[in-house]
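Below is one structure, written out as structure tokens; the observations come after it.
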Amino acid sequence: MIQIHLAVEDELSEKILKRLLVDSGRSFHVSSVINRGGFGYIKSKIEGLNKSAKGFPFLVLTDLDQHVCPSALIQNWLSKPLNANLMFRVAVREVEAWILGDRENLSRFLGVSRDLIPIDPETLADPKRTLVQLASKARKADVRRRLVPKKNMTAIQGPEYNSCLSEFVGTAWNPLASALVCPSLAKCCQRIIEFTPTT
Amino acid sequence: MLISKLTLKNWRNFKSIDIDLTERVFIVGANASGKSNLLDAIRFLKDIVKPGGGLQSSLTQRGGMSKVRCLSARKSPDIEIEVELSETPGDVCWRYAIGITQQSRGQRLPVLRFERVWKNGAPVITRPEQSDRDDDMRLTQTYLEQISANKDFRPVAQFLDSVRYLHLVPQLLRSSEQYKGAATPDDPYGRNFLEMIARTPEKTRRSRLKKIEGALKQAVPQMSGLVDMKDDAGVPHLEVLYEHWRPNAGRQREDQFSDGTLRLIGLFWSLLDGDSPLLLEEPELSLNAAIVRRLPNLFSQLLRRKSTQIFVTTHSWDLLSDKGIAAEEIVVLTPSSEGTKAQVGAQNEAIRTMLESGLSAADAALPLATPENLELFELTA
């Protein structure tokens, strides 16, 4: 069994990583999850995580957001070389792109036409906004209420955004389908499958 | 029905505030800024209307007019409370307003300066009436508290009477027999919480405990069963099954539950119990941060199924870190020499902009509730 620690930006990323670890078919066991909301905390602790990774495997997932590319982000965050035990993965541009990648299941989950879902989610500037806009067209009222802010409410997401999408990731999402159109997800899956902890 | 607007004048910390409210209300503010006093204005209306309540007793219970009146008040020392009630957000159906002053002579009793009720915008009650002018003792009582007088606005009375307040104190629940004297009216601190559960009809009780057990299991993984029972003396208890290394799991009673477990059970029970407004004081206390982060989501889930309203006072960064909390749902309290100001997040340009930019209420509103000059916070005088 491979004991592993996760560091993520939010509940949704946590759910996604746990799903990928299970789907890898390897015997990963998540020992702990660092989630302090947003990338700032991970960025401030990344040097410490890199150092700790000498003894314990870590899997870090963050959103690319406005960085040029994943390697630029990693170089910007880390002054020392990446430890072999630290899997540092970057979602282009946000994990929401990885959700949008599985058009088949997402269209069924939301109750929207598959044709409305973009075919190339990693090229989207703001995948989260796209996802929320898409959800506003959902035929299922409950899904709409959970994912989309109410009329005249100032928020970027609905009141149950995280739990609703976590439910999708846990029950309906097909990462393999999504990886076909999301290279950053494909790389993340590949890395998890090939990962060998060093001591 | 929900309280869609609250207006206060000279009530405790508040000299004059007027706030729009939604189905979820998150009240933030520094210590002693008046978070509980804001909820107390709603509890005060409940205390007037509840059986055995009334204007005089509700004020006496709070130490009289001088304790309730705002310290910053100068010119107009009358207290005014007004609530606007809506069937659903945006659909105003009732308004209830009272002004309270003190007799200038004699017993100096608190008396109504006015009591007004509107239904769909049209006045239903406008006091003082001629009969009040003929007999000024009538103004020591509201129509709200009198069944014979509130017939035309009974839904308002019933609604205010249904408001619930919870600030569960685990120590009080665990060893209620050690605390002598009469219980606090409505038992917000949970001293008689177990009796209240035991009084609930069996079918409802079992179904709720089952739901609570399901949610509790996620928070306390080693726990596997939650049941209520009575001991030989007929005293009600809650029991859970804790799994450990022994083959037979151990049973534990509420006096062995952790503070967090007790507070979660209390919180879940009150969320499942009834569909009237619920006032929650700092639900984050004793709970793990990951659980606290999920509370706003839990409230929303509940509001999807029940048409009700949840007020939450909080200091918790984790609770407010949920980006699904909208600017309209936040009330920020800021103390000043002219009384505490209350502002809904939507009225604050900075909060709106920050939330629209993907930051959370924890980033946008909580810093406004942090006292200045905390570098001087030390005990070396």
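The way I read the labels, and the way they are meant: chains A, B, ... in the order of the structure tokens, residue 1 as the first residue of every chain, and ligand 1 as the first ligand shown, with later ones counted on from there.
Residues in contact with segment 36-51 of chain A at 6 Å, where only C-alpha atoms are counted and same-chain residues fewer than 6 positions away are skipped, are listed as Glu9, Asp10 and Asn83 of chain A.
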Next item on the list: Determine which residues of chain A sit within 10 Å of chain B, taking into account only C-alpha atoms, and present them as a list in words.
Entry: Asp10, Glu11, Asn35, Arg36, Gly37, Gly38, Asp142, Arg145, Arg146, Leu147, Val148, Pro149, Lys150, Asn152, Met153, Thr154, Ala155, Ile156, Gln157, Gly158, Pro159, Glu160, Tyr161, Asn162, Ser163 and Cys164 of chain A
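With atom CA of Ser166 of chain A on one side and atom CA of Glu14 of chain A on the other, the separation reads 8.9 Å.
Proximity to Leu39 of chain B was assessed for B:Leu366, B:Val111, B:Ile310, B:Ala149 counting only C-alpha atoms; the smallest distance is recorded for B:Ile310.
Every protein or nucleic acid residue with an atom no more than 10 Å from Ala172 of chain A, counting only C-alpha atoms and leaving out same-chain residues fewer than 2 positions away, appears here: A:Asp102, A:Glu104, A:Asn105, A:Leu106, A:Arg108, A:Phe109, A:Leu165, A:Ser166, A:Glu167, A:Phe168, A:Val169, A:Gly170, A:Asn174, A:Pro175.
We find atom CA of Ala362 of chain B and atom CA of Leu319 of chain B to be spaced 7.8 Å apart.
The gap separating atom CA of Gln66 of chain A from atom CA of Pro127 of chain A is 12.1 Å, in Å to one decimal.
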Margin query: Going by DSSP on the backbone, which residues of segment 295-325 of chain B come out as helix (DSSP H, G or I)? List them as a count of residues only.
Written below: 15
Margin query: DSSP on the backbone: which residues in segment 36-264 of chain B end up as strand (DSSP E)? Give the answer as a PyMOL selection string.
Written below: chain B and resi 79-86+92-102+110-119+122-127+164-166+223-230+236-242+250-253
Next item on the list: Just the residues within 7 Å of segment 6-8 of chain A, please, counting only C-alpha atoms, with nothing from its chain fewer than 4 positions along; format it as a PyMOL selection string.
Entry: chain A and resi 13-14+32-35+42+58-62
Save the residues we just selected, N, CA and C atoms, as a PDB file, in the first residue's frame?
```pdb
ATOM      1  N   SER A  13     -11.366  19.574  -6.071  1.00  0.00           N
ATOM      2  CA  SER A  13     -10.067  19.025  -6.477  1.00  0.00           C
ATOM      3  C   SER A  13      -9.742  17.785  -5.648  1.00  0.00           C
ATOM      4  N   GLU A  14     -10.095  17.829  -4.381  1.00  0.00           N
ATOM      5  CA  GLU A  14      -9.842  16.679  -3.495  1.00  0.00           C
ATOM      6  C   GLU A  14     -10.596  15.452  -4.000  1.00  0.00           C
ATOM      7  N   SER A  32      -3.587  12.056   4.458  1.00  0.00           N
ATOM      8  CA  SER A  32      -4.115  13.351   4.895  1.00  0.00           C
ATOM      9  C   SER A  32      -4.336  14.253   3.691  1.00  0.00           C
ATOM     10  N   VAL A  33      -5.183  15.248   3.886  1.00  0.00           N
ATOM     11  CA  VAL A  33      -5.471  16.204   2.811  1.00  0.00           C
ATOM     12  C   VAL A  33      -5.272  17.611   3.352  1.00  0.00           C
ATOM     13  N   ILE A  34      -4.420  18.370   2.688  1.00  0.00           N
ATOM     14  CA  ILE A  34      -4.259  19.778   3.061  1.00  0.00           C
ATOM     15  C   ILE A  34      -5.157  20.587   2.132  1.00  0.00           C
ATOM     16  N   ASN A  35      -6.121  21.287   2.714  1.00  0.00           N
ATOM     17  CA  ASN A  35      -7.036  22.109   1.919  1.00  0.00           C
ATOM     18  C   ASN A  35      -7.372  23.340   2.737  1.00  0.00           C
ATOM     19  N   ILE A  42      -1.098  26.652  -0.575  1.00  0.00           N
ATOM     20  CA  ILE A  42      -0.211  25.623  -1.152  1.00  0.00           C
ATOM     21  C   ILE A  42       1.087  26.289  -1.616  1.00  0.00           C
ATOM     22  N   PHE A  58       3.755  12.898  -1.839  1.00  0.00           N
ATOM     23  CA  PHE A  58       2.745  13.954  -1.871  1.00  0.00           C
ATOM     24  C   PHE A  58       2.170  14.074  -3.275  1.00  0.00           C
ATOM     25  N   LEU A  59       0.888  14.378  -3.338  1.00  0.00           N
ATOM     26  CA  LEU A  59       0.267  14.697  -4.623  1.00  0.00           C
ATOM     27  C   LEU A  59      -0.385  16.067  -4.489  1.00  0.00           C
ATOM     28  N   VAL A  60       0.132  17.015  -5.256  1.00  0.00           N
ATOM     29  CA  VAL A  60      -0.355  18.392  -5.173  1.00  0.00           C
ATOM     30  C   VAL A  60      -1.088  18.726  -6.473  1.00  0.00           C
ATOM     31  N   LEU A  61      -2.283  19.288  -6.327  1.00  0.00           N
ATOM     32  CA  LEU A  61      -3.013  19.719  -7.532  1.00  0.00           C
ATOM     33  C   LEU A  61      -3.417  21.176  -7.376  1.00  0.00           C
ATOM     34  N   THR A  62      -3.061  21.963  -8.357  1.00  0.00           N
ATOM     35  CA  THR A  62      -3.474  23.369  -8.332  1.00  0.00           C
ATOM     36  C   THR A  62      -3.956  23.766  -9.721  1.00  0.00           C
TER      37      THR A  62
END
```
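With distances restricted to only C-alpha atoms, B:Ile330 is the closest residue to Asn348 of chain B from B:Leu2, B:Val227, B:Ile330, B:Leu303.
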Check: Within 8 Å of segment 215-226 of chain B, counting only C-alpha atoms, which residues qualify if same-chain residues fewer than 6 places away don't, as a list in words?
Finding: Leu209, Leu238, Glu239, Val240, Leu241, Tyr242, Glu243, His244, Thr261, Leu264, Ile265 and Ile291 of chain B
Next item on the list: Quick one: everything within 7 Å of Val30 of chain A, counting only C-alpha atoms, minus sequence neighbours fewer than 6 positions away in the same chain. Send it as a PyMOL selection string.
Entry: chain A and resi 3-5
Could those selected residues go to a file with all heavy atoms, as a short mmCIF file (atom, residue, chain, number, x, y, z; two decimals), in the first residue's frame?
```
data_model
loop_
_atom_site.label_atom_id
_atom_site.label_comp_id
_atom_site.auth_asym_id
_atom_site.auth_seq_id
_atom_site.Cartn_x
_atom_site.Cartn_y
_atom_site.Cartn_z
N GLN A 3 1.10 4.96 1.01
CA GLN A 3 0.49 6.05 1.80
C GLN A 3 0.81 7.37 1.09
O GLN A 3 1.96 7.62 0.75
CB GLN A 3 1.10 6.09 3.21
CG GLN A 3 0.90 4.83 4.00
CD GLN A 3 -0.52 4.69 4.52
OE1 GLN A 3 -1.28 5.65 4.54
NE2 GLN A 3 -0.89 3.48 4.93
N ILE A 4 -0.21 8.20 0.90
CA ILE A 4 0.04 9.45 0.16
C ILE A 4 -0.70 10.61 0.82
O ILE A 4 -1.78 10.45 1.40
CB ILE A 4 -0.36 9.27 -1.33
CG1 ILE A 4 0.12 10.46 -2.16
CG2 ILE A 4 -1.86 9.08 -1.51
CD1 ILE A 4 0.21 10.15 -3.64
N HIS A 5 -0.07 11.79 0.76
CA HIS A 5 -0.70 13.00 1.29
C HIS A 5 -1.12 13.88 0.11
O HIS A 5 -0.38 13.98 -0.87
CB HIS A 5 0.29 13.79 2.15
CG HIS A 5 0.83 13.00 3.30
ND1 HIS A 5 0.28 13.04 4.56
CD2 HIS A 5 1.86 12.12 3.37
CE1 HIS A 5 0.95 12.23 5.35
NE2 HIS A 5 1.92 11.66 4.67
#
```
